[in-house]
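A.B. asks: Below: one structure in structure tokens.
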Amino acid sequence: MDLKLLKLVTIVAEAVISDKIVREIKELGATGYTITAAEGQGSRGVRASEWEGKNMRIETLVGEAVSEAILQMLATHYFPNYAVVAYVEDVRVVRGDKYV
Amino acid sequence: MDLKLLKLVTIVAEAVISDKIVREIKELGATGYTITAAEGQGSRGVRASEWEGKNMRIETLVGEAVSEAILQMLATHYFPNYAVVAYVEDVRVVRGDKYV
Amino acid sequence: MDLKLLKLVTIVAEAVISDKIVREIKELGATGYTITAAEGQGSRGVRASEWEGKNMRIETLVGEAVSEAILQMLATHYFPNYAVVAYVEDVRVVRGDKYV
Amino acid sequence: MGTLELIQLNLLSPVVLAFFLGMLATLVRSDLKIPDELYQALSVYLLLAIGLKGGVELAASSPGDFLLPAAGALALASAIPLWSYIILRKVGRLSVPDAAAIAAHYGSVSAVTFLATLAFLSALEIPYEGFLPALLAIMEVPAIIIALVIARANLPGRTSWGEVLHEILAGKSIVLLLGGLAIGYAVGREGFAAVEPFFVTPFHGVLALFLLEMGMVAAQRLPDLRKAGPFLVAFAIVMPVLHGLIGVFVGNWVGLSLGGSVVLGVLSASASYIAAPAAVRLSLPEANPTFYLTTSLAITFPFNLAVGIPLYYAFAKFIL
Amino acid sequence: MGTLELIQLNLLSPVVLAFFLGMLATLVRSDLKIPDELYQALSVYLLLAIGLKGGVELAASSPGDFLLPAAGALALASAIPLWSYIILRKVGRLSVPDAAAIAAHYGSVSAVTFLATLAFLSALEIPYEGFLPALLAIMEVPAIIIALVIARANLPGRTSWGEVLHEILAGKSIVLLLGGLAIGYAVGREGFAAVEPFFVTPFHGVLALFLLEMGMVAAQRLPDLRKAGPFLVAFAIVMPVLHGLIGVFVGNWVGLSLGGSVVLGVLSASASYIAAPAAVRLSLPEANPTFYLTTSLAITFPFNLAVGIPLYYAFAKFIL
Amino acid sequence: MGTLELIQLNLLSPVVLAFFLGMLATLVRSDLKIPDELYQALSVYLLLAIGLKGGVELAASSPGDFLLPAAGALALASAIPLWSYIILRKVGRLSVPDAAAIAAHYGSVSAVTFLATLAFLSALEIPYEGFLPALLAIMEVPAIIIALVIARANLPGRTSWGEVLHEILAGKSIVLLLGGLAIGYAVGREGFAAVEPFFVTPFHGVLALFLLEMGMVAAQRLPDLRKAGPFLVAFAIVMPVLHGLIGVFVGNWVGLSLGGSVVLGVLSASASYIAAPAAVRLSLPEANPTFYLTTSLAITFPFNLAVGIPLYYAFAKFIL
Ligand SMILES: Nc1ncnc2c1ncn2[C@@H]1O[C@H](COP(=O)(O)O)[C@@H](O)[C@H]1O
Ligand SMILES: Nc1ncnc2c1ncn2[C@@H]1O[C@H](COP(=O)(O)O)[C@@H](O)[C@H]1O
Ligand SMILES: Nc1ncnc2c1ncn2[C@@H]1O[C@H](COP(=O)(O)O)[C@@H](O)[C@H]1O
Ligand code: NA
Ligand code: NA
Ligand code: NA
């Protein structure tokens with residue numbers, strides 16, 4: 001198999017900002033994303049229902065440069081006031097050229 | 001802890017083919033899988049409801065050979081006509097011998 | 001970006017014990033977690049509805065020592081009698097110092 | 001009442017207005033969200049309720065009345081995909097899979113359009129045959145099979161027909177419709193009384209809620225209209241009118257009442273968006289979903305809902 | 001009416017037929033899916049509605065009428081798990097945890113079977129005591145506790161009884177049933193009138209929808225019948241009949257009406273599949289879910305639904 | 001009837017008791033779970049139903065009757081956030097964003113409290129104006145905008161007002177309420193009849209189910225009471241009473257009936273927890289959700305539900 005090494009950026013963020021985050025990661029060059037609904041707990045307490053605000057778990061396969069830009073954007077716009085967690089890892093992707 | 005190095009194959013695919021994919025990965029030797037419902041967007045547009053067709057995010061822990069076979073199968077059967085993304089990464093698994 | 005190398009522990013467990021597992025991983029030092037609802041199949045058969053008992057997919061970003069403790073706890077308390085899978089991988093986390 | 005007045009009367013029903021409210025919500029980018037699970041629950045309810053009520057009525061009608069209309073419905077459901085395919089290929093110059101996919105949708109039927117028609121007839125207090133839901137069930141499947149056969153005959157590669165047939169016949173709309181019909185038939189009017197307050201009384205309200213969701217979905221497809229192109233947009237309006245008039249005519253001919261003829265017209269005019277898309281996606285993955293979903297969901301469905309139903313009714317009154 | 005005619009009458013109710021439609025949908029591998037959220041919503045509705053209506057009726061009945069039947073119900077719920085455990089161990093040669101787990105299920109009760117019985121009695125226009133839902137609540141918990149105590153007495157290791165008791169008593173079925181009973185009791189018939197159109201009128205229809213889902217679930221368990229083996233299959237049919245007859249007898253003896261005796265019989269005969277599985281999975285993880293779920297859900301539940309209810313009724317008529 | 005008796009009567013309604021059952025379920029850590037999707041479905045239903053019924057009644061009332069009450073409602077919705085902000089800043093010493101956030105919540109309104117009031121008035125058989133849902137819609141938005149303007153005037157940085165306005169006006173509660181009003185107005189009493197069995201008859205029961213869920217949510221917030229501190233707890237009880245009395249007074253003054261004045265009082269007294277939290281979270285992220293959610297959801301909402309409604313009613317009777 002012809003696999004391409006890419007970055008998988010995973011962002012867990014409160015649902016109220018997930019649409020905005022998705023818009024911004026697309027502007028930064030992500031060609032796609034996958035979202036799953038999530039519950040969670042962190043420094044800002046439990047997030048497990050409509051009222052506490054659910055979380056969204058956003059994943060995007062991108063090249064190194066775009067991954068850097070996304071993390072930078074999150075740190076600037078969202079980390080101060082919103083419940084957000086983000087991490088990055090290396091994955092090997094089928095037909096990976098599609099995503100950079 | 002006694003951990004075993006395995007491949008984690010993650011497949012994001014449109015829901016309509018997820019049953020078939022699951023059947024095929026089991027035939028190829030996967031001993032189990034985990035599925036979460038997902039929304040997403042990629043080259044084939046938004047997939048976020050019953051009508052656009054939701055996505056399924058399928059994960060399976062397998063040995064190297066099986067992971068190769070699964071990716072090959074996806075590339076042949078599904079990539080041409082369906083919305084599918086697949087990537088693979090290394091993970092260390094508790095009681096990993098169960099899965100190969 | 002200032003990223004910190006951490007362990008991402010992923011646990012797929014039957015829903016009936018997920019609350020207990022979450023309590024225990026917090027006691028072992030995890031500062032947070034993210035949960036998504038999942039279906040799956042493994043050695044204990046299909047788990048895809050209220051009746052079979054759904055699965056929960058629990059993720060927690062922790063330091064190396066805590067990750068060891070969590071896996072140890074799972075192996076002792078849950079692996080013998082419950083449907084559980086657990087694996088660990090390396091990820092680089094934004095503002096990672098928050099989680100150790 | 002003139003056709004225009006009928007259209008106006010039809011537009012001012014809660015069911016139709018709920019659809020437009022849903023469209024509006026999407027167009028103003030509201031955060032209104034109908035959970036997918038609610039949509040699924042409502043569709044299970046509606047399909048089962050149609051079936052049950054139809055079964056009860058079927059038990060009360062004599063089989064002789066039913067045979068000729070059933071034959072008419074079957075003939076329509078078989079002929080429509082054929083000529084639709086030819087027009088899509090020859091006039092529209094679509095690829096084989098795209099033409100077959102759209103033909104499958106227009107030959108099959110829309111349960112929600114069917115329901116909106118019954119609501120329209122009820123508002124006008126026009127009676128109709130009780131066995132009409134059986135016609136709905138009869139017309140759902142054949143067109144899909146015929147269109148897939150055409151596609152396969154004109155495409156390389158083999159199809160596993162067993163899988164395709166299974167996909168269609170064990171699809172939820174057929175299981176719930178036929179299952180409901182069977183149960184309704186078996187329990188009869190008396191047995192049905194116990195569940196009637198759930199399956200009949202709130203029915204129109206549930207339909208309004210469902211159409212709110214449908215409106216949101218249809219509006220999400222509107223941007224795709226440009227991708228569909230002028231031919232398909234015209235097809236999605238002209239063909240329903242044509243099929244509607246033919247259906248009314250056939251209905252009249254096989255001895256259906258005024259109300260029944262209108263319903264057969266609407267069934268012919270309507271395009272499927274539950275059974276057909278699922279079957280086509282699996283069996284004809286080369287066909288572009290943008291084409292068949294946009295035409296059936298974003299054009300033909302609202303057109304029939306708002307204009308088609310009163311139009312076919314006016315025609316039925318005219319020829320009767 | 002003979003027993004066979006009763007069975008036939010029972011089988012031809014929408015509620016029972018919906019169950020079989022659900023089974024059929026699974027057996028033909030339909031893509032019909034009842035979202036888990038709908039199942040949860042329906043079960044909240046049904047449990048709360050049972051409680052509310054029972055509370056209203058309880059408020060209207062004199063406490064004296066209620067005491068003896070309550071004692072009878074409690075006695076049955078305590079005795080059934082005991083002898084069930086012994087039979088499962090001695091005759092069936094099951095392991096301690098498996099025997100205790102199954103005993104817990106058969107000593108506890110099934111709310112849905114209870115409801116199907118009320119529907120059956122309503123169809124026959126047979127009256128019953130209003131406080132029966134209170135008996136349902138009384139019989140839910142004790143058997144589970146008794147079975148767990150037996151298991152722990154015969155197994156190494158310690159149980160945190162606080163956690164177990166909490167799990168059972170704060171379980172959703174007890175909270176909704178008792179909560180509903182308390183609210184119904186407090187507001188009385190007059191206060192209840194405002195919510196009656198929601199909690200009573202559509203009730204049977206909701207039950208039919210719920211049974212559609214139950215049928216699908218039960219059918220998914222059918223392949224496990226082989227794993228359960230002949231002894232458990234026999235157990236899951238013979239014991240309900242035995243418990244049903246004993247229950248009817250006790251009901252008669254403690255002064256319940258014909259209808260009430262049938263319901264006590266059904267409660268005794270029925271096996272839990274909401275409260276018991278959750279409690280057992282947490283407190284007796286060594287027990288194999290295939291055994292207790294397959295017997296209670298795939299055998300006993302359909303058996304009672306289709307054959308048991310009319311059988312116990314025939315017996316009740318016979319001895320009265 | 002004295003105020004205490006009224007409170008008692010109010011407490012013994014299924015709707016209010018369902019709320020406390022929900023609280024209890026959370027407090028005993030029951031595994032009872034109302035799926036989020038059901039909550040969303042119920043809120044769509046309730047908002048649409050309020051709108052529809054209001055629209056039908058609005059069509060039946062003369063515009064002249066409506067103008068003055070509308071002006072009164074608008075004045076209240078504009079004044080309440082102003083003085084609330086000042087009190088929160090000067091007396092409570094809260095930060096600018098926290099004070100503005102809470103002011104937005106208390107100036108806006110709670111649809112569920114509104115509904116509970118209608119249920120209370122119905123139980124007492126007290127009539128009220130049909131156009132009250134329009135007042136609900138009028139009072140939802142202005143306070144949120146005013147509070148955000150205040151915050152932005154006192155904070156560095158710029159806001160994209162287009163986005164904020166869109167967020168509020170295209171929010172689901174406004175879309176469903178106004179959409180429902182428009183549809184109800186357009187179809188009138190006759191057209192509405194078809195969907196009435198769904199949107200009116202079961203309404204109170206659905207409300208009870210919704211309040212079960214609300215009770216669970218409110219109880220989850222109780223541990224945060226300590227974080228909120230004594231000033232906010234006092235604020236969340238004193239201000240509703242104040243606003244309630246002012247609202248009743250204004251209602252009386254603009255010519256509303258006894259029932260209508262009570263409702264205007266309740267609207268003034270109630271705090272938003274659907275529209276306001278979403279808008280505030282997006283536009284004022286610096287504000288701490290613990291403060292505005294705990295006060296509005298865990299204190300003011302139950303207070304109004306249990307004590308406020310009968311209190312404002314007693315006051316209205318007193319001054320009339
Ligand atoms: N250590 C962690 N591991 C995994 N997920 C986390 C962790 N900490 C926080 N999260 C997720 O990120 C969300 C926001 O975190 P916070 O801003 O710390 O409240 C939480 O609701 C969790 O879903
Ligand atoms: N770059 C990406 N990162 C993460 N998920 C993606 C990406 N591209 C596509 N996907 C997912 O894969 C599905 C199918 O992709 P596609 O076939 O490109 O439309 C999408 O709906 C997304 O859920
Ligand atoms: N090989 C695997 N890959 C991914 N997930 C698995 C695998 N095996 C088991 N699982 C998940 O873990 C759950 C419990 O597994 P088991 O205890 O083997 O039945 C299953 O229901 C799956 O969700
Ligand atoms: Na058609
Ligand atoms: Na029992
Ligand atoms: Na207010």
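Residues in the structure tokens are named by chain (A, B, ... in the order shown) and by number from 1 within that chain; ligands are numbered from 1 in the order shown.
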Using only C-alpha atoms and all ligand atoms, which residues of the polymer chains come no farther than 9 Å from ligand 3? I'd like the answer as a PyMOL selection string.

C.D. replies: (chain B and resi 8-9+30-35+58-62+96+98-100) or (chain C and resi 11-14+38-48+54-57+79+81-86)

A.B. asks: If the limit is 6 Å from any atom of ligand 4, counting only C-alpha atoms and all ligand atoms, which residues qualify? Return them as a ChimeraX atom specification.

C.D. replies: /D:106-109,267-271

A.B. asks: Once you count only C-alpha atoms and all ligand atoms, which residues end up within 10 Å of ligand 5, and could you hand them over as a ChimeraX atom specification?

C.D. replies: /E:76-78,80-81,103-110,136,139-140,143,239-240,243-244,247,264-272,296

A.B. asks: Using only C-alpha atoms, which residues of range 64-110 of chain D come within 8 Å of range 289-294 of chain D, and what is the closest atom pair for each, with the distance in Å to one decimal? Give it as a tab-separated table, sorted by chain and residue number.

C.D. replies:
residue	atom	partner	partner_atom	distance
D:Asp98	CA	D:Phe291	CA	7.3
D:Ala101	CA	D:Tyr292	CA	6.5
D:Ile102	CA	D:Tyr292	CA	5.1
D:His105	CA	D:Tyr292	CA	7.1

A.B. asks: Generate a file of the selected residues that holds all heavy atoms, formatted as a PDB file, in the first residue's frame.

C.D. replies:
ATOM      1  N   ASP D  98     -26.493   7.728 -13.921  1.00  0.00           N
ATOM      2  CA  ASP D  98     -27.287   8.866 -13.465  1.00  0.00           C
ATOM      3  C   ASP D  98     -28.722   8.792 -13.987  1.00  0.00           C
ATOM      4  O   ASP D  98     -29.676   9.044 -13.239  1.00  0.00           O
ATOM      5  CB  ASP D  98     -26.629  10.178 -13.911  1.00  0.00           C
ATOM      6  CG  ASP D  98     -25.418  10.527 -13.052  1.00  0.00           C
ATOM      7  OD1 ASP D  98     -25.408  10.120 -11.868  1.00  0.00           O
ATOM      8  OD2 ASP D  98     -24.486  11.175 -13.551  1.00  0.00           O
ATOM      9  N   ALA D 101     -30.555   6.047 -12.098  1.00  0.00           N
ATOM     10  CA  ALA D 101     -30.813   6.419 -10.704  1.00  0.00           C
ATOM     11  C   ALA D 101     -32.017   7.355 -10.616  1.00  0.00           C
ATOM     12  O   ALA D 101     -32.914   7.164  -9.783  1.00  0.00           O
ATOM     13  CB  ALA D 101     -29.574   7.092 -10.115  1.00  0.00           C
ATOM     14  N   ILE D 102     -32.053   8.358 -11.489  1.00  0.00           N
ATOM     15  CA  ILE D 102     -33.176   9.305 -11.435  1.00  0.00           C
ATOM     16  C   ILE D 102     -34.471   8.615 -11.839  1.00  0.00           C
ATOM     17  O   ILE D 102     -35.526   8.838 -11.244  1.00  0.00           O
ATOM     18  CB  ILE D 102     -32.867  10.523 -12.333  1.00  0.00           C
ATOM     19  CG1 ILE D 102     -31.594  11.221 -11.821  1.00  0.00           C
ATOM     20  CG2 ILE D 102     -34.034  11.499 -12.334  1.00  0.00           C
ATOM     21  CD1 ILE D 102     -31.136  12.373 -12.685  1.00  0.00           C
ATOM     22  N   HIS D 105     -35.954   6.874  -8.939  1.00  0.00           N
ATOM     23  CA  HIS D 105     -36.601   7.771  -7.984  1.00  0.00           C
ATOM     24  C   HIS D 105     -37.986   8.216  -8.467  1.00  0.00           C
ATOM     25  O   HIS D 105     -38.930   8.263  -7.684  1.00  0.00           O
ATOM     26  CB  HIS D 105     -35.721   8.996  -7.744  1.00  0.00           C
ATOM     27  CG  HIS D 105     -34.557   8.706  -6.844  1.00  0.00           C
ATOM     28  ND1 HIS D 105     -33.488   7.920  -7.223  1.00  0.00           N
ATOM     29  CD2 HIS D 105     -34.304   9.065  -5.555  1.00  0.00           C
ATOM     30  CE1 HIS D 105     -32.629   7.822  -6.233  1.00  0.00           C
ATOM     31  NE2 HIS D 105     -33.085   8.506  -5.205  1.00  0.00           N
TER      32      HIS D 105
END

A.B. asks: Pairing the C-alpha atoms in order across the whole chain, superpose chain B onto chain A by least squares and write the result as a PDB file with C-alpha atoms, in the first residue's frame.

C.D. replies:
ATOM      1  CA  MET B   1       0.058  -0.025   0.003  1.00  0.00           C
ATOM      2  CA  ASP B   2       1.111   3.460  -0.818  1.00  0.00           C
ATOM      3  CA  LEU B   3       0.688   5.376   2.456  1.00  0.00           C
ATOM      4  CA  LYS B   4       1.500   8.986   3.124  1.00  0.00           C
ATOM      5  CA  LEU B   5       2.680  10.296   6.469  1.00  0.00           C
ATOM      6  CA  LEU B   6       0.340  13.056   7.657  1.00  0.00           C
ATOM      7  CA  LYS B   7      -0.618  14.805  10.881  1.00  0.00           C
ATOM      8  CA  LEU B   8      -3.883  13.900  12.580  1.00  0.00           C
ATOM      9  CA  VAL B   9      -5.022  16.877  14.642  1.00  0.00           C
ATOM     10  CA  THR B  10      -7.711  16.086  17.214  1.00  0.00           C
ATOM     11  CA  ILE B  11      -9.607  18.941  18.836  1.00  0.00           C
ATOM     12  CA  VAL B  12     -12.125  18.484  21.646  1.00  0.00           C
ATOM     13  CA  ALA B  13     -14.092  21.687  22.038  1.00  0.00           C
ATOM     14  CA  GLU B  14     -17.394  22.848  23.437  1.00  0.00           C
ATOM     15  CA  ALA B  15     -20.162  22.509  20.881  1.00  0.00           C
ATOM     16  CA  VAL B  16     -21.037  26.201  20.798  1.00  0.00           C
ATOM     17  CA  ILE B  17     -17.737  27.027  19.059  1.00  0.00           C
ATOM     18  CA  SER B  18     -17.358  23.914  16.921  1.00  0.00           C
ATOM     19  CA  ASP B  19     -18.903  25.483  13.815  1.00  0.00           C
ATOM     20  CA  LYS B  20     -16.526  28.409  14.061  1.00  0.00           C
ATOM     21  CA  ILE B  21     -13.524  26.146  14.560  1.00  0.00           C
ATOM     22  CA  VAL B  22     -14.487  24.075  11.544  1.00  0.00           C
ATOM     23  CA  ARG B  23     -14.765  27.204   9.438  1.00  0.00           C
ATOM     24  CA  GLU B  24     -11.343  28.376  10.559  1.00  0.00           C
ATOM     25  CA  ILE B  25      -9.542  25.073  10.019  1.00  0.00           C
ATOM     26  CA  LYS B  26     -10.926  24.958   6.493  1.00  0.00           C
ATOM     27  CA  GLU B  27      -9.656  28.474   5.900  1.00  0.00           C
ATOM     28  CA  LEU B  28      -6.239  27.380   7.150  1.00  0.00           C
ATOM     29  CA  GLY B  29      -6.070  24.652   4.524  1.00  0.00           C
ATOM     30  CA  ALA B  30      -7.701  21.504   5.912  1.00  0.00           C
ATOM     31  CA  THR B  31      -9.403  19.661   3.057  1.00  0.00           C
ATOM     32  CA  GLY B  32     -11.816  17.806   5.323  1.00  0.00           C
ATOM     33  CA  TYR B  33     -12.710  16.880   8.879  1.00  0.00           C
ATOM     34  CA  THR B  34     -14.638  14.306  10.882  1.00  0.00           C
ATOM     35  CA  ILE B  35     -16.757  15.162  13.928  1.00  0.00           C
ATOM     36  CA  THR B  36     -18.130  12.977  16.678  1.00  0.00           C
ATOM     37  CA  ALA B  37     -20.309  14.126  19.580  1.00  0.00           C
ATOM     38  CA  ALA B  38     -18.545  13.710  22.913  1.00  0.00           C
ATOM     39  CA  GLU B  39     -18.979  14.258  26.599  1.00  0.00           C
ATOM     40  CA  GLY B  40     -16.122  15.060  28.889  1.00  0.00           C
ATOM     41  CA  GLN B  41     -14.642  16.646  31.906  1.00  0.00           C
ATOM     42  CA  GLY B  42     -11.617  18.858  32.381  1.00  0.00           C
ATOM     43  CA  SER B  43     -10.599  21.983  34.185  1.00  0.00           C
ATOM     44  CA  ARG B  44     -13.927  23.635  33.360  1.00  0.00           C
ATOM     45  CA  GLY B  45     -16.049  20.905  34.905  1.00  0.00           C
ATOM     46  CA  VAL B  46     -18.402  18.320  33.445  1.00  0.00           C
ATOM     47  CA  ARG B  47     -19.717  18.769  29.909  1.00  0.00           C
ATOM     48  CA  ALA B  48     -22.321  16.104  29.312  1.00  0.00           C
ATOM     49  CA  SER B  49     -25.628  17.609  28.232  1.00  0.00           C
ATOM     50  CA  GLU B  50     -27.356  20.328  26.292  1.00  0.00           C
ATOM     51  CA  TRP B  51     -27.163  22.540  29.389  1.00  0.00           C
ATOM     52  CA  GLU B  52     -23.576  22.128  30.344  1.00  0.00           C
ATOM     53  CA  GLY B  53     -22.858  22.266  26.670  1.00  0.00           C
ATOM     54  CA  LYS B  54     -21.730  19.089  24.986  1.00  0.00           C
ATOM     55  CA  ASN B  55     -18.335  18.718  23.394  1.00  0.00           C
ATOM     56  CA  MET B  56     -17.443  18.002  19.804  1.00  0.00           C
ATOM     57  CA  ARG B  57     -14.439  15.906  18.883  1.00  0.00           C
ATOM     58  CA  ILE B  58     -13.047  17.210  15.591  1.00  0.00           C
ATOM     59  CA  GLU B  59     -10.380  15.290  13.659  1.00  0.00           C
ATOM     60  CA  THR B  60      -8.582  16.525  10.607  1.00  0.00           C
ATOM     61  CA  LEU B  61      -5.849  14.969   8.497  1.00  0.00           C
ATOM     62  CA  VAL B  62      -3.451  17.656   7.326  1.00  0.00           C
ATOM     63  CA  GLY B  63       0.122  18.327   6.374  1.00  0.00           C
ATOM     64  CA  GLU B  64       2.663  19.525   8.910  1.00  0.00           C
ATOM     65  CA  ALA B  65       2.376  23.224   8.081  1.00  0.00           C
ATOM     66  CA  VAL B  66      -1.408  23.280   8.289  1.00  0.00           C
ATOM     67  CA  SER B  67      -1.313  21.396  11.570  1.00  0.00           C
ATOM     68  CA  GLU B  68       0.967  24.071  12.999  1.00  0.00           C
ATOM     69  CA  ALA B  69      -1.341  26.810  11.789  1.00  0.00           C
ATOM     70  CA  ILE B  70      -4.402  25.153  13.295  1.00  0.00           C
ATOM     71  CA  LEU B  71      -2.838  24.725  16.710  1.00  0.00           C
ATOM     72  CA  GLN B  72      -1.649  28.337  16.613  1.00  0.00           C
ATOM     73  CA  MET B  73      -5.127  29.553  15.742  1.00  0.00           C
ATOM     74  CA  LEU B  74      -6.685  27.538  18.592  1.00  0.00           C
ATOM     75  CA  ALA B  75      -4.169  28.840  21.096  1.00  0.00           C
ATOM     76  CA  THR B  76      -4.876  32.432  20.101  1.00  0.00           C
ATOM     77  CA  HIS B  77      -8.638  32.457  19.603  1.00  0.00           C
ATOM     78  CA  TYR B  78     -10.096  29.778  21.833  1.00  0.00           C
ATOM     79  CA  PHE B  79      -7.838  28.608  24.616  1.00  0.00           C
ATOM     80  CA  PRO B  80      -8.253  31.669  26.853  1.00  0.00           C
ATOM     81  CA  ASN B  81     -12.034  31.561  27.221  1.00  0.00           C
ATOM     82  CA  TYR B  82     -13.363  28.247  25.970  1.00  0.00           C
ATOM     83  CA  ALA B  83     -13.135  24.601  26.893  1.00  0.00           C
ATOM     84  CA  VAL B  84     -10.730  23.215  24.286  1.00  0.00           C
ATOM     85  CA  VAL B  85      -8.148  20.452  24.119  1.00  0.00           C
ATOM     86  CA  ALA B  86      -5.974  19.767  21.078  1.00  0.00           C
ATOM     87  CA  TYR B  87      -3.298  17.257  20.239  1.00  0.00           C
ATOM     88  CA  VAL B  88      -1.474  16.007  17.205  1.00  0.00           C
ATOM     89  CA  GLU B  89      -0.029  12.648  16.150  1.00  0.00           C
ATOM     90  CA  ASP B  90       1.529  10.987  13.113  1.00  0.00           C
ATOM     91  CA  VAL B  91      -0.581   8.683  10.978  1.00  0.00           C
ATOM     92  CA  ARG B  92      -0.102   6.991   7.646  1.00  0.00           C
ATOM     93  CA  VAL B  93      -2.976   7.657   5.273  1.00  0.00           C
ATOM     94  CA  VAL B  94      -4.285   5.813   2.241  1.00  0.00           C
ATOM     95  CA  ARG B  95      -4.379   8.073  -0.820  1.00  0.00           C
ATOM     96  CA  GLY B  96      -2.800  10.682   1.442  1.00  0.00           C
ATOM     97  CA  ASP B  97      -2.064  13.143  -1.351  1.00  0.00           C
ATOM     98  CA  LYS B  98      -5.741  14.024  -1.377  1.00  0.00           C
ATOM     99  CA  TYR B  99      -5.410  15.828   1.928  1.00  0.00           C
ATOM    100  CA  VAL B 100      -2.502  18.225   1.428  1.00  0.00           C
TER     101      VAL B 100
END

A.B. asks: I want to know what sits within 8 Å of range 111-121 of chain D, based on only C-alpha atoms, with residues of the same chain fewer than 6 positions away left out; could you give that as a PyMOL selection string?

C.D. replies: chain D and resi 10+15-16+47+127+136+204+207+259+263+266-267+270+272+301+304-305+309

A.B. asks: How would the residues just chosen look if you wrote them out with C-alpha atoms as a compact mmCIF listing (two decimals), in the first residue's frame?

C.D. replies:
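Full text of out-v2.txt as output:
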# COMPACT_ATOMS: atom_id res chain seq x y z
CA ASN D 10 -53.39 24.06 0.04
CA VAL D 15 -48.56 20.87 7.04
CA VAL D 16 -47.38 22.80 3.99
CA LEU D 47 -45.07 4.50 7.84
CA PRO D 127 -63.77 10.86 0.36
CA LEU D 136 -48.49 3.15 -2.16
CA HIS D 204 -51.58 15.35 11.00
CA LEU D 207 -46.83 15.06 9.77
CA GLY D 259 -60.21 11.34 -4.30
CA VAL D 263 -54.01 10.11 -5.02
CA VAL D 266 -49.88 12.17 -6.85
CA LEU D 267 -48.25 8.78 -6.41
CA SER D 270 -44.06 11.92 -6.67
CA SER D 272 -39.02 8.55 -3.76
CA PHE D 301 -41.19 17.23 -3.48
CA ASN D 304 -45.92 18.59 -5.56
CA LEU D 305 -46.56 19.69 -2.00
CA ILE D 309 -51.54 18.31 -5.35

A.B. asks: Name the residues of range 18-59 of chain A that come out as strand (DSSP E) in a backbone DSSP run; write them as an NGL selection string.

C.D. replies: :A and (33-42 or 45-47 or 55-59)

A.B. asks: When the cut-off is 7 Å and we count only C-alpha atoms, which residues of chain E are near chain D, given as a ChimeraX atom specification?

C.D. replies: /E:12-14,17,21,25,28-32,34-35,37-38,201-202,204-206

A.B. asks: Near chain B, which residues of chain D fall within 8 Å when you count only C-alpha atoms, and what do they look like as a list in words?

C.D. replies: Asp36, Val217, Ala278, Arg281, Leu282, Pro285 and Glu286 of chain D

A.B. asks: Write the residues you've just listed into a file as a compact mmCIF listing (two decimals), in the first residue's frame, and include N, CA and C atoms for each of them.

C.D. replies:
# COMPACT_ATOMS: atom_id res chain seq x y z
N ASP D 36 -31.56 13.68 14.34
CA ASP D 36 -31.76 12.56 13.42
C ASP D 36 -32.62 11.47 14.02
N VAL D 217 -34.14 19.94 5.32
CA VAL D 217 -33.30 19.10 4.45
C VAL D 217 -33.36 19.58 3.00
N ALA D 278 -31.37 4.91 -0.82
CA ALA D 278 -30.57 3.88 -0.15
C ALA D 278 -30.22 2.76 -1.13
N ARG D 281 -27.77 4.06 -3.87
CA ARG D 281 -26.41 4.31 -3.38
C ARG D 281 -25.60 3.02 -3.29
N LEU D 282 -26.29 1.95 -2.85
CA LEU D 282 -25.60 0.67 -2.69
C LEU D 282 -25.36 -0.03 -4.02
N PRO D 285 -23.36 2.82 -7.20
CA PRO D 285 -22.56 3.86 -6.56
C PRO D 285 -21.96 4.85 -7.55
N GLU D 286 -21.93 4.48 -8.84
CA GLU D 286 -21.36 5.41 -9.82
C GLU D 286 -22.28 6.60 -10.06

A.B. asks: Between CA of Val250 in chain E and CA of Leu135 in chain E, what is the distance, to one decimal in Å?

C.D. replies: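 CA of Val250 in chain E sits 13.1 Å away from CA of Leu135 in chain E.
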
A.B. asks: Could you jot down the CA of Pro302 in chain F to CA of Ser261 in chain F separation for me, Å, one decimal place?

C.D. replies: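 Computing the Euclidean distance for CA of Pro302 in chain F and CA of Ser261 in chain F yields 20.6 Å.
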